[in-house]
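Visitor: Sharing entry_39.txt (compact mmCIF, C-alpha atoms (C1' of nucleotides)) below.
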```
# COMPACT_ATOMS: atom_id res chain seq x y z
CA MET L 47 -0.93 -18.61 37.87
CA SER L 48 -1.81 -22.06 39.14
CA VAL L 49 -2.97 -24.89 36.98
CA THR L 50 -5.86 -26.71 38.56
CA ASN L 51 -6.29 -30.46 38.59
CA ASN L 52 -9.16 -30.12 36.22
CA GLU L 53 -6.99 -28.20 33.79
CA GLN L 54 -4.29 -30.81 34.17
CA SER L 55 -6.62 -33.53 33.02
CA ILE L 56 -7.92 -31.48 30.09
CA LEU L 57 -4.36 -30.76 29.07
CA LYS L 58 -3.53 -34.44 29.21
CA LEU L 59 -6.42 -35.22 26.92
CA ALA L 60 -5.44 -32.39 24.62
CA ASN L 61 -1.90 -33.63 24.38
CA ASN L 62 -3.19 -37.05 23.39
CA LEU L 63 -5.06 -35.42 20.52
CA VAL L 64 -1.91 -33.55 19.50
CA ASN L 65 0.01 -36.83 19.47
CA ASN L 66 -2.66 -38.44 17.35
CA ILE L 67 -2.48 -35.60 14.86
CA SER L 68 1.29 -35.58 14.60
CA GLU L 69 1.35 -39.34 14.09
CA SER L 70 -1.27 -39.04 11.37
CA GLU L 71 -0.65 -37.78 7.87
CA LEU L 72 -3.18 -35.02 8.35
CA SER L 73 -2.58 -31.46 7.19
CA ILE L 74 -4.47 -28.45 8.46
CA TYR L 75 -6.53 -28.64 5.26
CA ASP L 76 -7.83 -32.17 5.81
CA GLU L 77 -11.37 -32.33 7.06
CA ILE L 78 -12.08 -33.58 10.53
CA THR L 79 -15.58 -34.22 11.77
CA VAL L 80 -16.53 -32.01 14.67
CA GLY L 81 -16.22 -34.02 17.84
CA ASP L 82 -14.06 -36.73 16.28
CA PRO L 83 -12.62 -38.44 19.38
CA ASN L 84 -9.17 -38.91 17.90
CA TYR L 85 -8.46 -35.69 16.06
CA TRP L 86 -10.92 -32.91 16.80
CA ILE L 87 -9.58 -30.50 19.41
CA PRO L 88 -12.51 -28.97 21.30
CA SER L 89 -12.33 -25.26 22.05
CA ARG L 90 -11.59 -25.61 25.74
CA GLU L 91 -8.73 -27.99 25.04
CA LEU L 92 -7.49 -25.82 22.19
CA GLU L 93 -7.40 -22.75 24.38
CA LEU L 94 -5.58 -24.45 27.20
CA LEU L 95 -3.11 -26.04 24.83
CA LEU L 96 -2.28 -22.83 23.03
CA ASN L 97 -1.90 -20.91 26.26
CA GLU L 98 0.38 -23.62 27.55
CA LYS L 99 2.58 -23.67 24.48
CA LEU L 100 2.54 -20.11 23.19
CA CYS L 101 2.54 -17.85 26.23
CA GLY L 102 5.91 -16.28 26.85
CA ILE L 103 7.07 -16.61 23.26
CA ASP L 104 8.72 -13.48 21.89
CA LEU L 105 7.23 -12.81 18.47
CA GLY L 106 9.87 -10.25 17.64
CA SER L 107 9.23 -7.05 15.76
CA TYR L 108 7.75 -7.77 12.33
CA PRO L 109 5.21 -6.26 9.96
CA ASN L 110 1.67 -7.46 10.63
CA ARG L 111 1.54 -9.83 7.73
CA THR L 112 4.85 -11.49 8.62
CA ARG L 113 3.92 -11.80 12.26
CA SER L 114 0.65 -13.38 11.27
CA LYS L 115 2.49 -16.06 9.36
CA ILE L 116 4.88 -16.70 12.21
CA VAL L 117 1.98 -17.10 14.61
CA LYS L 118 0.19 -19.51 12.30
CA GLN L 119 3.35 -21.59 12.13
CA LEU L 120 3.53 -21.61 15.93
CA VAL L 121 -0.09 -22.74 16.11
CA CYS L 122 0.60 -25.59 13.66
CA LYS L 123 3.48 -26.76 15.75
CA ALA L 124 1.55 -26.47 18.99
CA ILE L 125 -1.23 -28.76 17.84
CA GLY L 126 0.80 -31.33 15.96
CA TYR L 127 0.38 -30.28 12.34
CA PRO L 128 3.21 -29.81 9.86
CA CYS L 129 3.73 -26.19 8.77
CA PRO L 130 2.75 -25.58 5.16
CA SER L 131 5.25 -23.43 3.26
CA SER L 132 2.47 -20.97 2.65
CA PHE L 133 -0.95 -20.67 4.23
CA LYS L 134 -3.58 -20.92 1.54
CA LYS L 135 -6.31 -18.33 1.48
CA THR L 136 -8.96 -20.75 2.64
CA LYS L 137 -11.91 -19.80 4.78
CA PRO L 138 -11.17 -20.45 7.52
CA ARG L 139 -7.38 -20.56 7.43
CA PHE L 140 -7.39 -23.77 9.43
CA PRO L 141 -10.23 -25.65 7.75
CA GLY L 142 -9.65 -29.02 9.41
CA GLN L 143 -10.07 -27.71 12.92
CA ASN L 144 -12.37 -24.94 11.72
CA PHE L 145 -10.65 -21.89 13.12
CA ASP L 146 -9.01 -18.62 12.22
CA VAL L 147 -6.12 -17.02 14.05
CA ALA L 148 -5.67 -13.34 14.78
CA THR L 149 -2.97 -11.61 16.79
CA GLN L 150 -4.32 -8.56 18.53
CA LYS L 151 -2.09 -5.99 20.11
CA SER L 152 -5.08 -3.69 19.97
CA ASN L 153 -8.72 -4.49 20.69
CA ASN L 154 -9.88 -3.78 17.17
CA PHE L 155 -10.55 -7.11 15.48
CA GLN L 156 -11.07 -6.75 11.74
CA PRO L 157 -12.14 -9.62 9.51
CA VAL L 158 -11.65 -8.62 5.87
CA ASN L 159 -13.93 -9.50 2.99
CA GLU L 160 -16.08 -11.83 5.01
CA SER L 161 -18.50 -11.79 7.87
CA ILE L 162 -18.19 -13.59 11.17
CA SER L 163 -19.08 -17.23 10.75
CA PRO L 164 -21.12 -18.36 13.77
CA SER L 165 -19.87 -21.92 13.83
CA ARG L 166 -16.25 -21.08 13.16
CA ARG L 167 -13.82 -20.74 16.02
CA TYR L 168 -11.60 -17.72 16.44
CA VAL L 169 -8.22 -17.99 18.08
CA LEU L 170 -7.28 -14.55 19.34
CA ILE L 171 -3.78 -14.00 20.60
CA ARG L 172 -2.72 -11.08 22.75
CA PRO L 173 0.91 -10.03 22.73
CA SER L 174 2.34 -7.37 25.02
CA LYS L 175 3.62 -4.08 23.65
CA ASP L 176 7.01 -5.70 23.29
CA ASN L 177 5.63 -8.69 21.43
CA ILE L 178 5.59 -11.36 24.12
CA ILE L 179 2.53 -13.59 23.90
CA GLN L 180 0.43 -13.02 27.02
CA LYS L 181 -2.82 -14.82 26.46
CA VAL L 182 -4.77 -16.90 23.97
CA ARG L 183 -8.55 -17.00 23.75
CA VAL L 184 -10.58 -19.40 21.65
CA VAL L 185 -14.12 -18.21 21.09
CA PRO L 186 -16.99 -19.18 18.82
CA GLY L 187 -18.08 -16.85 16.03
CA THR L 188 -21.38 -16.33 17.81
CA MET L 189 -19.58 -14.55 20.58
CA LEU L 190 -17.78 -12.15 18.24
CA ALA L 191 -20.92 -11.63 16.20
CA ALA L 192 -22.61 -10.42 19.38
CA LEU L 193 -19.94 -7.74 19.75
CA ASP L 194 -20.63 -6.49 16.25
CA THR L 195 -23.44 -4.15 17.16
CA THR L 196 -23.50 -2.02 14.03
CA GLY L 197 -22.49 -4.25 11.12
CA LYS L 198 -20.73 -1.25 9.64
CA LEU L 199 -18.36 -2.15 6.82
CA THR L 200 -15.27 -0.08 6.14
CA VAL L 201 -14.48 0.16 2.46
CA LYS L 202 -11.17 0.55 0.72
CA HIS L 203 -10.01 0.80 -2.85
CA GLN L 204 -6.46 0.26 -4.04
CA ALA L 205 -4.11 1.18 -6.84
CA THR L 206 -0.57 0.39 -7.87
CA LEU L 207 2.42 2.68 -7.92
CA HIS L 208 4.86 1.87 -10.67
CA ILE L 209 8.07 3.67 -9.92
CA ASN L 210 10.02 5.24 -12.69
CA GLN L 211 13.61 4.96 -11.46
CA ASN L 212 14.78 7.85 -13.58
CA THR L 213 12.50 10.55 -12.25
CA ALA L 214 12.43 11.49 -8.60
CA THR L 215 9.43 13.76 -8.96
CA GLU L 216 6.48 13.79 -11.33
CA LEU L 217 3.74 16.32 -11.83
CA VAL L 218 1.15 14.01 -13.30
CA SER L 219 -1.48 16.69 -13.89
CA GLN L 220 -0.12 19.83 -15.46
CA GLU L 221 -3.15 21.76 -14.31
CA ASP L 222 -5.89 21.57 -11.74
CA THR L 223 -9.31 20.35 -12.80
CA ASN L 224 -11.57 22.75 -14.64
CA VAL L 225 -13.70 23.13 -11.55
CA LEU L 226 -10.80 24.02 -9.28
CA LYS L 227 -8.72 26.08 -11.69
CA PRO L 228 -10.64 29.36 -11.23
CA LEU L 229 -10.29 29.03 -7.47
CA VAL L 230 -6.54 28.52 -7.14
CA SER L 231 -3.69 30.96 -7.05
CA SER L 232 0.05 30.80 -7.47
CA THR L 233 0.66 33.45 -4.85
CA VAL L 234 -0.78 32.20 -1.62
CA SER L 235 0.68 32.73 1.78
CA ILE L 236 -0.76 30.91 4.72
CA PRO L 237 -1.70 33.07 7.72
CA SER L 238 -0.28 31.58 10.89
CA ILE L 239 -3.70 31.23 12.47
CA VAL L 240 -5.11 28.85 9.91
CA SER L 241 -4.98 25.14 10.49
CA PRO L 242 -4.45 22.50 7.80
CA ILE L 243 -7.86 21.06 8.60
CA ASP L 244 -9.78 24.31 8.26
CA TYR L 245 -12.21 24.51 5.38
CA PRO L 246 -10.60 25.71 2.17
CA SER L 247 -11.43 29.27 1.23
CA ARG L 248 -11.12 31.63 -1.68
CA ASP L 249 -7.59 33.02 -2.18
CA CYS L 250 -6.04 30.40 0.04
CA ILE L 251 -5.84 27.45 -2.33
CA MET L 252 -2.51 26.91 -4.01
CA SER L 253 -2.37 25.80 -7.60
CA ILE L 254 -1.19 22.29 -8.27
CA GLN L 255 1.99 23.70 -9.81
CA THR L 256 2.73 25.70 -6.67
CA ILE L 257 2.18 22.69 -4.45
CA TYR L 258 4.47 20.71 -6.70
CA GLU L 259 7.29 23.25 -6.39
CA LYS L 260 6.95 23.47 -2.63
CA LEU L 261 6.71 19.74 -1.98
CA LYS L 262 9.59 18.83 -4.28
CA THR L 263 11.80 19.87 -1.40
CA VAL L 264 10.57 16.96 0.69
CA VAL L 265 12.46 14.52 -1.53
CA GLY L 266 15.74 13.66 0.14
CA LYS L 267 14.46 14.45 3.61
CA SER L 268 14.25 11.78 6.25
CA PHE L 269 12.63 11.23 9.61
CA ASN L 270 12.62 8.59 12.30
CA ASP L 271 10.68 5.41 11.62
CA ALA L 272 8.03 5.18 14.32
CA GLY L 273 8.16 1.39 14.19
CA ILE L 274 7.50 -1.49 11.87
CA ASP L 275 3.85 -1.83 12.91
CA GLN L 276 3.30 1.90 13.33
CA GLU L 277 2.18 2.84 9.84
CA ARG L 278 -0.22 5.40 11.10
CA ASN L 279 2.32 7.28 13.12
CA ARG L 280 4.90 7.02 10.39
CA GLY L 281 2.48 8.56 7.93
CA ALA L 282 1.79 11.35 10.40
CA GLN L 283 5.45 12.37 10.35
CA LEU L 284 5.36 12.86 6.60
CA HIS L 285 2.10 14.71 6.94
CA ASN L 286 3.77 17.04 9.38
CA LEU L 287 6.65 17.63 6.98
CA VAL L 288 4.21 18.44 4.20
CA CYS L 289 2.36 20.97 6.35
CA GLN L 290 5.64 22.68 7.15
CA SER L 291 6.77 22.76 3.53
CA LEU L 292 3.53 24.41 2.48
CA GLY L 293 3.94 27.07 5.12
CA TYR L 294 1.55 25.98 7.85
CA SER L 295 2.70 26.83 11.32
CA SER L 296 0.84 23.92 12.87
CA TYR L 297 0.27 20.30 12.05
CA LYS L 298 -3.15 18.80 12.44
CA ASP L 299 -4.93 15.75 11.11
CA ASP L 300 -8.46 14.75 11.96
CA GLY L 301 -8.51 11.59 9.90
CA ARG L 302 -10.98 12.99 7.44
CA PHE L 303 -10.64 13.15 3.70
CA PRO L 304 -8.71 14.95 2.35
CA ASP L 305 -5.87 15.03 4.89
CA LEU L 306 -4.94 18.62 4.33
CA THR L 307 -8.46 19.91 3.90
CA HIS L 308 -7.37 23.51 3.65
CA GLN L 309 -5.41 22.75 0.45
CA LEU L 310 -7.68 20.00 -0.82
CA LEU L 311 -4.63 17.79 -0.63
CA GLU L 312 -4.38 14.12 0.25
CA VAL L 313 -0.95 12.86 1.36
CA LYS L 314 0.34 9.31 1.17
CA LEU L 315 3.56 7.66 2.24
CA GLN L 316 4.53 4.54 0.35
CA THR L 317 7.38 2.17 0.92
CA SER L 318 5.73 -0.49 -1.22
CA PRO L 319 3.73 -0.27 -4.44
CA THR L 320 0.18 -0.80 -3.20
CA ILE L 321 -1.65 2.47 -2.62
CA ASP L 322 -4.60 2.26 -0.26
CA LEU L 323 -7.43 4.61 -0.98
CA GLY L 324 -10.15 4.27 1.59
CA LEU L 325 -13.77 4.85 0.73
CA ASP L 326 -13.30 7.46 -1.95
CA VAL L 327 -12.32 6.60 -5.49
CA PRO L 328 -10.08 9.51 -6.63
CA SER L 329 -11.82 9.91 -9.98
CA SER L 330 -15.26 10.17 -8.36
CA ILE L 331 -17.39 13.22 -9.08
CA GLU L 332 -19.03 12.85 -5.68
CA LYS L 333 -19.22 16.18 -3.86
CA LEU L 334 -17.14 16.66 -0.74
CA GLU L 335 -18.95 17.75 2.39
CA LEU L 336 -17.36 21.18 2.42
CA PRO L 337 -18.83 24.64 2.15
CA GLN L 338 -19.10 25.80 -1.43
CA ILE L 339 -16.42 28.18 -2.65
CA ASP L 340 -17.81 30.97 -4.80
CA GLY L 341 -20.90 28.85 -5.15
CA VAL L 342 -18.91 25.89 -6.39
CA ASN L 343 -18.92 22.43 -4.87
CA ILE L 344 -15.59 20.65 -4.63
CA ARG L 345 -15.67 17.06 -5.82
CA VAL L 346 -13.43 14.14 -4.90
CA CYS L 347 -11.81 14.27 -8.34
CA ASP L 348 -10.74 17.88 -7.72
CA VAL L 349 -8.59 16.84 -4.76
CA ARG L 350 -4.84 16.78 -5.31
CA TYR L 351 -2.98 13.61 -4.29
CA ALA L 352 0.62 13.85 -3.14
CA ILE L 353 2.21 10.42 -3.17
CA PHE L 354 5.62 10.07 -1.57
CA TYR L 355 7.78 7.01 -1.90
CA GLY L 356 10.36 6.31 0.76
CA SER L 357 12.80 3.68 1.83
CA ILE L 358 13.38 2.56 5.36
CA GLU L 359 16.92 2.04 6.51
CA ASP L 360 18.26 1.68 10.02
CA GLY L 361 15.39 3.36 11.75
CA LYS L 362 14.98 6.19 9.29
CA VAL L 363 12.53 6.83 6.50
CA THR L 364 14.05 8.67 3.54
CA ILE L 365 11.81 10.13 0.85
CA THR L 366 13.06 9.23 -2.61
CA ASN L 367 10.14 10.00 -4.93
CA PHE L 368 7.22 12.37 -5.14
CA TYR L 369 4.18 12.34 -7.40
CA LEU L 370 1.39 14.88 -7.60
CA THR L 371 -1.87 14.35 -9.44
CA THR L 372 -5.48 15.42 -9.42
CA GLY L 373 -8.04 12.83 -8.45
CA GLU L 374 -9.32 13.08 -11.99
CA ASP L 375 -6.00 11.88 -13.47
CA PHE L 376 -5.11 9.55 -10.62
CA PHE L 377 -5.82 6.22 -12.31
CA SER L 378 -4.06 7.25 -15.50
CA ARG L 379 -0.79 7.12 -13.58
CA PHE L 380 -1.66 4.65 -10.79
CA PRO L 381 -3.79 1.83 -12.16
CA GLN L 382 -6.68 0.78 -9.99
CA THR L 383 -6.49 -2.69 -8.52
CA GLN L 384 -8.85 -5.00 -10.36
CA GLY L 385 -10.19 -8.18 -8.75
CA ASN L 386 -12.50 -7.29 -5.91
CA VAL L 387 -12.01 -3.60 -6.72
CA GLN L 388 -13.51 -2.87 -3.35
CA ASN L 389 -12.45 -4.51 -0.11
CA THR L 390 -14.56 -4.38 2.99
CA LYS L 391 -14.00 -5.17 6.59
CA LEU L 392 -15.90 -5.36 9.79
CA GLN L 393 -14.37 -3.74 12.82
CA ILE L 394 -15.24 -5.39 16.07
CA TRP L 395 -14.25 -3.82 19.31
CA LEU L 396 -13.27 -6.46 21.83
CA LYS L 397 -14.26 -5.62 25.39
CA LYS L 398 -11.43 -4.27 27.50
CA ASP L 399 -11.33 -7.41 29.61
CA PHE L 400 -11.60 -9.80 26.66
CA PHE L 401 -8.27 -11.44 27.37
CA ASP L 402 -8.61 -11.49 31.16
C1' DC V 286 -15.72 11.56 31.11
C1' DT V 287 -15.39 7.09 29.06
C1' DA V 288 -16.39 3.53 25.90
C1' DA V 289 -17.65 2.66 21.45
C1' DC V 290 -17.08 3.48 16.82
C1' DC V 291 -14.95 3.60 12.70
C1' DC V 292 -11.80 6.02 9.84
C1' DG V 293 -7.54 5.72 7.81
C1' DA V 294 -2.54 4.40 8.01
C1' DA V 295 0.57 1.17 4.99
C1' DC V 296 3.02 -3.16 4.27
C1' DA V 297 3.87 -8.25 2.97
C1' DA V 298 1.88 -12.82 1.93
C1' DA V 299 -0.44 -15.24 -1.48
C1' DC V 300 -1.81 -15.78 -5.93
C1' DT V 301 -1.45 -15.19 -11.08
C1' DT V 302 0.72 -14.44 -15.23
C1' DC V 303 4.56 -14.12 -18.01
C1' DC V 304 8.75 -15.59 -20.00
C1' DG V 305 12.67 -18.46 -20.87
C1' DC T 270 7.77 -26.37 -16.31
C1' DG T 271 10.04 -23.34 -12.99
C1' DG T 272 11.26 -19.06 -11.44
C1' DA T 273 10.57 -14.04 -11.86
C1' DA T 274 7.68 -10.36 -12.08
C1' DG T 275 3.39 -8.41 -11.49
C1' DT T 276 -1.17 -8.18 -9.12
C1' DT T 277 -4.43 -8.68 -5.46
C1' DT T 278 -5.83 -9.73 -0.93
C1' DG T 279 -5.05 -9.83 3.99
C1' DT T 280 -3.24 -8.11 8.36
C1' DT T 281 -3.62 -5.11 12.20
C1' DC T 282 -2.23 -0.74 14.29
C1' DG T 283 -3.66 3.90 16.41
C1' DG T 284 -6.21 8.23 16.56
C1' DG T 285 -10.15 11.43 16.35
C1' DT T 286 -15.00 11.78 17.07
C1' DT T 287 -19.24 10.73 19.04
C1' DA T 288 -22.72 8.52 21.94
C1' DG T 289 -24.09 7.65 26.41
```
Any chance you could put this one into structure tokens?

Guide:
Amino acid sequence: MSVTNNEQSILKLANNLVNNISESELSIYDEITVGDPNYWIPSRELELLLNEKLCGIDLGSYPNRTRSKIVKQLVCKAIGYPCPSSFKKTKPRFPGQNFDVATQKSNNFQPVNESISPSRRYVLIRPSKDNIIQKVRVVPGTMLAALDTTGKLTVKHQATLHINQNTATELVSQEDTNVLKPLVSSTVSIPSIVSPIDYPSRDCIMSIQTIYEKLKTVVGKSFNDAGIDQERNRGAQLHNLVCQSLGYSSYKDDGRFPDLTHQLLEVKLQTSPTIDLGLDVPSSIEKLELPQIDGVNIRVCDVRYAIFYGSIEDGKVTITNFYLTTGEDFFSRFPQTQGNVQNTKLQIWLKKDFFD
DNA sequence: CTAACCCGAACAAACTTCCG
DNA sequence: CGGAAGTTTGTTCGGGTTAG
């Protein structure tokens, strides 16, 4: 890649701005007027500067949130600001220069709990699969807003898992809900042709006690950690293990709720206390979009939730705890997160050639 | 068949409250 | 008042499904 003369002169100007900033007492939180000749870094200059200083850096293998912090520190350094010990939750994160930073291994850009601000700038950083920074783009909010064609917000709720150190397994609900109870059995065997994502049917639904007995055996088992930023794939491994333990001959997940539709069972892997719940609130009496069973509609609160807690050590996930509850009783054991209660995010698909 | 969509996966940083 | 403990928000990854 050759640097043109034009780019050279922009870079020179940009470096002057960086010098001005580092010689000032300014922090990233101090306001700068847009276009200020001494301190404001225009987008073109910002992009060139960040490409110049960040490309080639190995970000290492960290969880998303840690990597994000590392990148923000790198950005501070690159443009002459001191690194704060923590990055305040301001909007945007870099108020002085009016920009946000996102590192995107994938093309799915997801601002949480806020919409795209047209005048704000967005610094998007593309690392390679092995975490080497390849490219930095600085774009105005208007450009990202144009890519948001649907405005669809994804919703999630959360709860907290308090671990009781003394008990490895807990059956939170002694019985299924009144609606489900008549439909379950303690003597179910799964025909090899059925898939975990088939609709549930009469005589095929295990009682919550049966599920508890079968899934207890998962505690103590371990499997390979798919990678620090591979939560989805890691969860899938547990899901697979659960299917096996319940007697399914195949593993299948279509991303719908509940995971194991055929048993009205939702499975979660936790290695930290925050439980993410997606759109559905477990205690909700909303009907699931499933065929009725004996004329009965299954509701969200009838679904059974299997929560597994695991620890990660040298590349292996080991399951240490297991909890099983109905949706109805869920919040009695796992308190719902207060505050926003509901978090939303936009999901904006960057064009394939966005970073080219 | 491909691109777009969006659903869901789960963890750690940041913030708040509690306790000495 | 400072650190610990608890709570809440933010970060971003990947897969299945659907629209074109």

Visitor: For the interface of chain L with chain V (cut-off 7 Å, counting only C-alpha atoms (C1' of nucleotides)), please tabulate each contacting residue of chain L alongside its nearest pair of atoms and their separation in Å to one decimal, rows sorted by chain and increasing number, as a tab-separated table.

Guide:
```
residue	atom	partner	partner_atom	distance
L:Pro109	CA	V:DC296	C1'	6.8
L:Arg111	CA	V:DA297	C1'	5.5
L:Thr112	CA	V:DA297	C1'	6.6
L:Glu277	CA	V:DA294	C1'	5.3
L:Arg278	CA	V:DA294	C1'	4.0
L:Gly281	CA	V:DA294	C1'	6.5
L:Gly301	CA	V:DG293	C1'	6.3
L:Gln316	CA	V:DA295	C1'	7.0
L:Ser318	CA	V:DC296	C1'	6.7
L:Gly324	CA	V:DG293	C1'	6.9
```

Visitor: L:Thr372, L:Asn110, L:Gln388, L:Thr366: which is nearest Leu311 in chain L, counting only C-alpha atoms?

Guide: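 The answer is L:Thr372, which sits nearest to Leu311 in chain L.
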
Visitor: Residues near DT281 in chain T, anyone? I mean within 9 Å using all atoms listed in the file, not counting same-chain ones fewer than 4 positions away, as a ChimeraX atom specification.

Guide: /L:110-111,148-152,154-156,275

Visitor: Which residues of chain T are close to chain L, meaning at most 10 Å apart when you count only C-alpha atoms (C1' of nucleotides), and how do they look as a list in words?

Guide: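 Residues of chain T within 10 Å of chain L, counting only C-alpha atoms (C1' of nucleotides): DT276, DT277, DT278, DG279, DT280, DT281, DC282, DG283, DG284, DG285 and DT286 of chain T.
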
Visitor: What gap, in Å, lies between CA of Gln143 in chain L and CA of Ile179 in chain L?

Guide: 21.9 Å

Visitor: Go through L:Ile236, L:Val225, L:Ile353, L:Leu315 and flag the residue nearest Ile331 in chain L, using all atoms listed in the file for the distances.

Guide: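 Among L:Ile236, L:Val225, L:Ile353, L:Leu315, it is L:Val225 that comes nearest to Ile331 in chain L.
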
Visitor: Suppose you want the space between CA of Leu334 in chain L and CA of Pro381 in chain L; what is it in Å?

Guide: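 Those two atoms sit 23.0 Å apart.
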
Visitor: Please build the interface table for range 70-186 of chain L against range 47-64 of chain L with a cut-off of 10 Å, listing for each qualifying residue the nearest atom pair and the distance in Å to one decimal; count all atoms listed in the file, order rows by chain and increasing number, and write it as a tab-separated table.

Guide:
```
residue	atom	partner	partner_atom	distance
L:Ser70	CA	L:Val64	CA	9.8
L:Pro83	CA	L:Leu63	CA	8.2
L:Asn84	CA	L:Leu63	CA	6.0
L:Tyr85	CA	L:Leu63	CA	5.6
L:Trp86	CA	L:Leu63	CA	7.4
L:Ile87	CA	L:Leu63	CA	6.8
L:Pro88	CA	L:Ala60	CA	8.5
L:Arg90	CA	L:Ile56	CA	8.2
L:Glu91	CA	L:Ala60	CA	5.5
L:Leu92	CA	L:Ala60	CA	7.3
L:Glu93	CA	L:Leu57	CA	9.8
L:Leu94	CA	L:Leu57	CA	6.7
L:Leu95	CA	L:Leu57	CA	6.5
L:Glu98	CA	L:Leu57	CA	8.7
L:Lys123	CA	L:Val64	CA	9.4
L:Ala124	CA	L:Val64	CA	7.9
L:Ile125	CA	L:Val64	CA	5.1
L:Gly126	CA	L:Val64	CA	5.0
L:Tyr127	CA	L:Val64	CA	8.2
```

Visitor: Could you tell me which of L:Lys118, L:Arg183, L:Arg172, L:Lys198 comes closest to Leu392 in chain L if we count all atoms listed in the file?

Guide: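 Result for the nearest residue to Leu392 in chain L: L:Lys198.
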